[in-house]
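Pasting coords-v1.pdb here (PDB, N, CA, C and O atoms):
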MODEL        1
ATOM      1  N   MET D   1      -6.196  12.811 -12.761
ATOM      2  CA  MET D   1      -5.916  12.222 -11.473
ATOM      3  C   MET D   1      -4.814  13.016 -10.788
ATOM      4  O   MET D   1      -3.772  13.275 -11.374
ATOM      5  N   VAL D   2      -5.026  13.383  -9.557
ATOM      6  CA  VAL D   2      -4.051  14.137  -8.781
ATOM      7  C   VAL D   2      -2.985  13.175  -8.276
ATOM      8  O   VAL D   2      -3.307  12.105  -7.768
ATOM      9  N   ARG D   3      -1.728  13.554  -8.425
ATOM     10  CA  ARG D   3      -0.616  12.699  -8.016
ATOM     11  C   ARG D   3       0.108  13.301  -6.833
ATOM     12  O   ARG D   3       0.251  14.515  -6.715
ATOM     13  N   GLY D   4       0.568  12.440  -5.954
ATOM     14  CA  GLY D   4       1.329  12.861  -4.787
ATOM     15  C   GLY D   4       2.788  12.499  -4.943
ATOM     16  O   GLY D   4       3.243  12.184  -6.040
ATOM     17  N   PRO D   5       3.525  12.501  -3.852
ATOM     18  CA  PRO D   5       4.942  12.131  -3.893
ATOM     19  C   PRO D   5       5.128  10.729  -4.471
ATOM     20  O   PRO D   5       4.353   9.824  -4.197
ATOM     21  N   GLY D   6       6.154  10.555  -5.276
ATOM     22  CA  GLY D   6       6.415   9.261  -5.873
ATOM     23  C   GLY D   6       5.455   8.906  -6.982
ATOM     24  O   GLY D   6       5.381   7.773  -7.419
ATOM     25  N   ASN D   7       4.680   9.884  -7.451
ATOM     26  CA  ASN D   7       3.710   9.696  -8.517
ATOM     27  C   ASN D   7       2.542   8.788  -8.130
ATOM     28  O   ASN D   7       1.854   8.242  -8.986
ATOM     29  N   LEU D   8       2.325   8.573  -6.832
ATOM     30  CA  LEU D   8       1.185   7.777  -6.378
ATOM     31  C   LEU D   8      -0.064   8.649  -6.360
ATOM     32  O   LEU D   8       0.003   9.838  -6.029
ATOM     33  N   PRO D   9      -1.228   8.085  -6.700
ATOM     34  CA  PRO D   9      -2.462   8.874  -6.650
ATOM     35  C   PRO D   9      -2.757   9.346  -5.224
ATOM     36  O   PRO D   9      -2.478   8.637  -4.258
ATOM     37  N   VAL D  10      -3.308  10.523  -5.097
ATOM     38  CA  VAL D  10      -3.686  11.085  -3.801
ATOM     39  C   VAL D  10      -5.042  10.511  -3.395
ATOM     40  O   VAL D  10      -5.946  10.409  -4.225
ATOM     41  N   ASP D  11      -5.172  10.121  -2.118
ATOM     42  CA  ASP D  11      -6.460   9.639  -1.614
ATOM     43  C   ASP D  11      -7.465  10.779  -1.629
ATOM     44  O   ASP D  11      -7.186  11.869  -1.134
ATOM     45  N   LEU D  12      -8.624  10.523  -2.181
ATOM     46  CA  LEU D  12      -9.676  11.534  -2.218
ATOM     47  C   LEU D  12     -10.736  11.307  -1.145
ATOM     48  O   LEU D  12     -11.633  12.113  -0.979
ATOM     49  N   SER D  13     -10.638  10.200  -0.432
ATOM     50  CA  SER D  13     -11.564   9.911   0.662
ATOM     51  C   SER D  13     -10.782   9.274   1.797
ATOM     52  O   SER D  13      -9.612   8.920   1.642
ATOM     53  N   SER D  14     -11.431   9.105   2.939
ATOM     54  CA  SER D  14     -10.740   8.555   4.098
ATOM     55  C   SER D  14     -10.426   7.075   3.903
ATOM     56  O   SER D  14     -11.052   6.379   3.106
ATOM     57  N   PHE D  15      -9.445   6.617   4.637
ATOM     58  CA  PHE D  15      -9.013   5.222   4.590
ATOM     59  C   PHE D  15      -9.185   4.681   5.999
ATOM     60  O   PHE D  15      -8.438   5.017   6.914
ATOM     61  N   VAL D  16     -10.187   3.846   6.196
ATOM     62  CA  VAL D  16     -10.532   3.356   7.528
ATOM     63  C   VAL D  16     -10.318   1.858   7.576
ATOM     64  O   VAL D  16     -10.669   1.135   6.636
ATOM     65  N   GLY D  17      -9.768   1.382   8.668
ATOM     66  CA  GLY D  17      -9.533  -0.043   8.818
ATOM     67  C   GLY D  17      -8.286  -0.466   8.075
ATOM     68  O   GLY D  17      -7.448   0.342   7.698
ATOM     69  N   ARG D  18      -8.132  -1.737   7.879
ATOM     70  CA  ARG D  18      -7.019  -2.327   7.139
ATOM     71  C   ARG D  18      -5.679  -2.185   7.844
ATOM     72  O   ARG D  18      -4.634  -2.422   7.241
ATOM     73  N   ALA D  19      -5.674  -1.804   9.115
ATOM     74  CA  ALA D  19      -4.412  -1.676   9.851
ATOM     75  C   ALA D  19      -3.695  -3.018   9.914
ATOM     76  O   ALA D  19      -2.470  -3.088   9.749
ATOM     77  N   GLU D  20      -4.432  -4.084  10.120
ATOM     78  CA  GLU D  20      -3.835  -5.419  10.188
ATOM     79  C   GLU D  20      -3.224  -5.817   8.842
ATOM     80  O   GLU D  20      -2.112  -6.346   8.782
ATOM     81  N   GLU D  21      -3.937  -5.533   7.760
ATOM     82  CA  GLU D  21      -3.434  -5.858   6.431
ATOM     83  C   GLU D  21      -2.185  -5.042   6.094
ATOM     84  O   GLU D  21      -1.231  -5.559   5.495
ATOM     85  N   LEU D  22      -2.173  -3.767   6.478
ATOM     86  CA  LEU D  22      -1.000  -2.928   6.232
ATOM     87  C   LEU D  22       0.203  -3.432   7.023
ATOM     88  O   LEU D  22       1.315  -3.506   6.499
ATOM     89  N   ALA D  23      -0.010  -3.808   8.282
ATOM     90  CA  ALA D  23       1.081  -4.331   9.105
ATOM     91  C   ALA D  23       1.616  -5.629   8.513
ATOM     92  O   ALA D  23       2.834  -5.850   8.457
ATOM     93  N   GLU D  24       0.729  -6.486   8.050
ATOM     94  CA  GLU D  24       1.153  -7.747   7.432
ATOM     95  C   GLU D  24       1.943  -7.482   6.146
ATOM     96  O   GLU D  24       2.965  -8.117   5.899
ATOM     97  N   GLY D  25       1.487  -6.538   5.355
ATOM     98  CA  GLY D  25       2.204  -6.174   4.138
ATOM     99  C   GLY D  25       3.596  -5.638   4.442
ATOM    100  O   GLY D  25       4.566  -5.982   3.769
ATOM    101  N   LEU D  26       3.705  -4.799   5.463
ATOM    102  CA  LEU D  26       5.008  -4.274   5.869
ATOM    103  C   LEU D  26       5.932  -5.400   6.295
ATOM    104  O   LEU D  26       7.117  -5.412   5.942
ATOM    105  N   ARG D  27       5.409  -6.367   7.052
ATOM    106  CA  ARG D  27       6.219  -7.515   7.472
ATOM    107  C   ARG D  27       6.711  -8.307   6.258
ATOM    108  O   ARG D  27       7.882  -8.666   6.179
ATOM    109  N   HIS D  28       5.814  -8.573   5.326
ATOM    110  CA  HIS D  28       6.195  -9.337   4.139
ATOM    111  C   HIS D  28       7.254  -8.614   3.323
ATOM    112  O   HIS D  28       8.191  -9.237   2.818
ATOM    113  N   LEU D  29       7.112  -7.314   3.186
ATOM    114  CA  LEU D  29       8.036  -6.567   2.343
ATOM    115  C   LEU D  29       9.367  -6.254   3.013
ATOM    116  O   LEU D  29      10.254  -5.687   2.382
ATOM    117  N   THR D  30       9.538  -6.627   4.274
ATOM    118  CA  THR D  30      10.868  -6.541   4.880
ATOM    119  C   THR D  30      11.705  -7.737   4.452
ATOM    120  O   THR D  30      12.932  -7.696   4.521
ATOM    121  N   GLU D  31      11.038  -8.802   3.991
ATOM    122  CA  GLU D  31      11.732 -10.023   3.568
ATOM    123  C   GLU D  31      11.796 -10.168   2.045
ATOM    124  O   GLU D  31      12.607 -10.934   1.530
ATOM    125  N   ALA D  32      10.940  -9.485   1.322
ATOM    126  CA  ALA D  32      10.877  -9.612  -0.133
ATOM    127  C   ALA D  32      10.615  -8.244  -0.748
ATOM    128  O   ALA D  32      10.112  -7.341  -0.089
ATOM    129  N   ARG D  33      10.931  -8.112  -2.032
ATOM    130  CA  ARG D  33      10.700  -6.833  -2.716
ATOM    131  C   ARG D  33       9.417  -6.824  -3.515
ATOM    132  O   ARG D  33       9.050  -5.818  -4.102
ATOM    133  N   ILE D  34       8.729  -7.949  -3.575
ATOM    134  CA  ILE D  34       7.490  -8.015  -4.343
ATOM    135  C   ILE D  34       6.475  -8.841  -3.573
ATOM    136  O   ILE D  34       6.825  -9.754  -2.821
ATOM    137  N   MET D  35       5.216  -8.486  -3.741
ATOM    138  CA  MET D  35       4.143  -9.172  -3.038
ATOM    139  C   MET D  35       2.911  -9.162  -3.941
ATOM    140  O   MET D  35       2.652  -8.179  -4.627
ATOM    141  N   THR D  36       2.170 -10.242  -3.946
ATOM    142  CA  THR D  36       0.934 -10.330  -4.714
ATOM    143  C   THR D  36      -0.244 -10.136  -3.768
ATOM    144  O   THR D  36      -0.308 -10.770  -2.720
ATOM    145  N   VAL D  37      -1.150  -9.263  -4.131
ATOM    146  CA  VAL D  37      -2.356  -9.008  -3.340
ATOM    147  C   VAL D  37      -3.533  -9.604  -4.102
ATOM    148  O   VAL D  37      -3.774  -9.242  -5.256
ATOM    149  N   THR D  38      -4.239 -10.523  -3.480
ATOM    150  CA  THR D  38      -5.352 -11.190  -4.149
ATOM    151  C   THR D  38      -6.625 -11.068  -3.331
ATOM    152  O   THR D  38      -6.584 -10.826  -2.129
ATOM    153  N   GLY D  39      -7.749 -11.245  -3.985
ATOM    154  CA  GLY D  39      -9.052 -11.215  -3.329
ATOM    155  C   GLY D  39     -10.126 -10.874  -4.328
ATOM    156  O   GLY D  39      -9.837 -10.507  -5.474
ATOM    157  N   PRO D  40     -11.377 -10.994  -3.902
ATOM    158  CA  PRO D  40     -12.483 -10.697  -4.811
ATOM    159  C   PRO D  40     -12.548  -9.203  -5.163
ATOM    160  O   PRO D  40     -12.003  -8.359  -4.455
ATOM    161  N   ALA D  41     -13.228  -8.928  -6.248
ATOM    162  CA  ALA D  41     -13.385  -7.548  -6.704
ATOM    163  C   ALA D  41     -14.088  -6.693  -5.651
ATOM    164  O   ALA D  41     -15.023  -7.138  -4.992
ATOM    165  N   GLY D  42     -13.606  -5.471  -5.486
ATOM    166  CA  GLY D  42     -14.284  -4.499  -4.639
ATOM    167  C   GLY D  42     -13.958  -4.549  -3.161
ATOM    168  O   GLY D  42     -14.600  -3.861  -2.371
ATOM    169  N   VAL D  43     -12.946  -5.333  -2.748
ATOM    170  CA  VAL D  43     -12.646  -5.421  -1.319
ATOM    171  C   VAL D  43     -11.583  -4.429  -0.859
ATOM    172  O   VAL D  43     -11.280  -4.365   0.320
ATOM    173  N   GLY D  44     -10.997  -3.680  -1.795
ATOM    174  CA  GLY D  44     -10.033  -2.648  -1.413
ATOM    175  C   GLY D  44      -8.577  -3.019  -1.633
ATOM    176  O   GLY D  44      -7.697  -2.436  -1.003
ATOM    177  N   LYS D  45      -8.311  -3.960  -2.520
ATOM    178  CA  LYS D  45      -6.931  -4.376  -2.781
ATOM    179  C   LYS D  45      -6.081  -3.209  -3.279
ATOM    180  O   LYS D  45      -4.975  -2.986  -2.784
ATOM    181  N   THR D  46      -6.585  -2.484  -4.250
ATOM    182  CA  THR D  46      -5.809  -1.391  -4.842
ATOM    183  C   THR D  46      -5.554  -0.291  -3.832
ATOM    184  O   THR D  46      -4.421   0.190  -3.686
ATOM    185  N   ARG D  47      -6.572   0.114  -3.103
ATOM    186  CA  ARG D  47      -6.383   1.192  -2.111
ATOM    187  C   ARG D  47      -5.424   0.779  -1.014
ATOM    188  O   ARG D  47      -4.598   1.577  -0.562
ATOM    189  N   THR D  48      -5.516  -0.480  -0.578
ATOM    190  CA  THR D  48      -4.609  -0.976   0.456
ATOM    191  C   THR D  48      -3.183  -1.024  -0.080
ATOM    192  O   THR D  48      -2.241  -0.605   0.602
ATOM    193  N   ALA D  49      -3.001  -1.513  -1.299
ATOM    194  CA  ALA D  49      -1.668  -1.584  -1.901
ATOM    195  C   ALA D  49      -1.080  -0.189  -2.094
ATOM    196  O   ALA D  49       0.120   0.025  -1.857
ATOM    197  N   LEU D  50      -1.888   0.769  -2.521
ATOM    198  CA  LEU D  50      -1.402   2.140  -2.694
ATOM    199  C   LEU D  50      -1.010   2.765  -1.361
ATOM    200  O   LEU D  50      -0.013   3.488  -1.270
ATOM    201  N   ARG D  51      -1.782   2.505  -0.324
ATOM    202  CA  ARG D  51      -1.441   3.027   1.004
ATOM    203  C   ARG D  51      -0.129   2.413   1.487
ATOM    204  O   ARG D  51       0.730   3.093   2.043
ATOM    205  N   LEU D  52       0.042   1.123   1.251
ATOM    206  CA  LEU D  52       1.277   0.435   1.622
ATOM    207  C   LEU D  52       2.458   1.011   0.831
ATOM    208  O   LEU D  52       3.528   1.267   1.396
ATOM    209  N   ALA D  53       2.268   1.224  -0.460
ATOM    210  CA  ALA D  53       3.327   1.803  -1.293
ATOM    211  C   ALA D  53       3.719   3.194  -0.797
ATOM    212  O   ALA D  53       4.905   3.545  -0.775
ATOM    213  N   ALA D  54       2.744   3.981  -0.384
ATOM    214  CA  ALA D  54       3.038   5.323   0.122
ATOM    215  C   ALA D  54       3.888   5.246   1.394
ATOM    216  O   ALA D  54       4.806   6.054   1.585
ATOM    217  N   ARG D  55       3.597   4.279   2.245
ATOM    218  CA  ARG D  55       4.387   4.133   3.477
ATOM    219  C   ARG D  55       5.807   3.661   3.199
ATOM    220  O   ARG D  55       6.717   3.974   3.950
ATOM    221  N   LEU D  56       5.981   2.893   2.141
ATOM    222  CA  LEU D  56       7.281   2.291   1.855
ATOM    223  C   LEU D  56       8.072   3.023   0.779
ATOM    224  O   LEU D  56       9.180   2.619   0.459
ATOM    225  N   ARG D  57       7.548   4.095   0.240
ATOM    226  CA  ARG D  57       8.169   4.706  -0.929
ATOM    227  C   ARG D  57       9.592   5.173  -0.682
ATOM    228  O   ARG D  57      10.417   5.141  -1.575
ATOM    229  N   ARG D  58       9.949   5.562   0.507
ATOM    230  CA  ARG D  58      11.325   6.002   0.789
ATOM    231  C   ARG D  58      12.323   4.842   0.734
ATOM    232  O   ARG D  58      13.475   5.033   0.454
ATOM    233  N   ARG D  59      11.845   3.619   1.024
ATOM    234  CA  ARG D  59      12.728   2.438   0.973
ATOM    235  C   ARG D  59      13.079   2.041  -0.453
ATOM    236  O   ARG D  59      14.098   1.429  -0.693
ATOM    237  N   PHE D  60      12.189   2.339  -1.377
ATOM    238  CA  PHE D  60      12.357   1.916  -2.771
ATOM    239  C   PHE D  60      12.395   3.171  -3.644
ATOM    240  O   PHE D  60      11.366   3.601  -4.155
ATOM    241  N   ALA D  61      13.561   3.696  -3.816
ATOM    242  CA  ALA D  61      13.715   4.982  -4.506
ATOM    243  C   ALA D  61      13.186   4.953  -5.940
ATOM    244  O   ALA D  61      12.736   5.955  -6.447
ATOM    245  N   GLY D  62      13.208   3.804  -6.607
ATOM    246  CA  GLY D  62      12.781   3.722  -7.999
ATOM    247  C   GLY D  62      11.297   3.649  -8.104
ATOM    248  O   GLY D  62      10.664   3.780  -9.107
TER     249      GLY D  62
ENDMDL
END
Take the structure in this file and express it as structure tokens.
Amino acid sequence: MVRGPGNLPVDLSSFVGRAEELAEGLRHLTEARIMTVTGPAGVGKTRTALRLAARLRRRFAG
């Protein structure tokens, strides 16, 4: 697996949509340091969480 900055996996395909979910995640993580992402299998929870982590990685140095 190819790793990017912060040891996060590199996206191998495009990431389309989920702008609303990413914005909501950013809002939640301005108030808390942890968030639970839930939903049925195959809806993109992991990819969305990884994209969110990549955007926030500078805030959380560890």
Could you name the residues that touch region 37-51 of chain D at 9 Å or less, counting only C-alpha atoms, but leaving out those on the same chain fewer than 3 positions away, as a ChimeraX atom specification? /D:8-9,11,15,18,21-22,25,54-56
One number please: CA of Arg33 (chain D) to atom N of Arg59 (chain D), in Å, one decimal.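 Straight-line distance from CA of Arg33 (chain D) to atom N of Arg59 (chain D) works out to 11.2 Å.
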If you run DSSP on this backbone, which residues of chain D come out as alpha helix (DSSP H), and could you give them as an MDAnalysis selection string? chainID D and resid 19:31 45:56
Could you work out how far CA of Ala23 (chain D) lies from CA of Val10 (chain D), giving the answer in Å with one decimal?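 Spanning CA of Val10 (chain D) to CA of Ala23 (chain D) is a straight-line distance of 20.7 Å.
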If I take CA of Thr30 (chain D) and atom O of Ser13 (chain D), how far is one from the other in Å, to one decimal?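 Going from CA of Thr30 (chain D) over to atom O of Ser13 (chain D), I get 25.9 Å.
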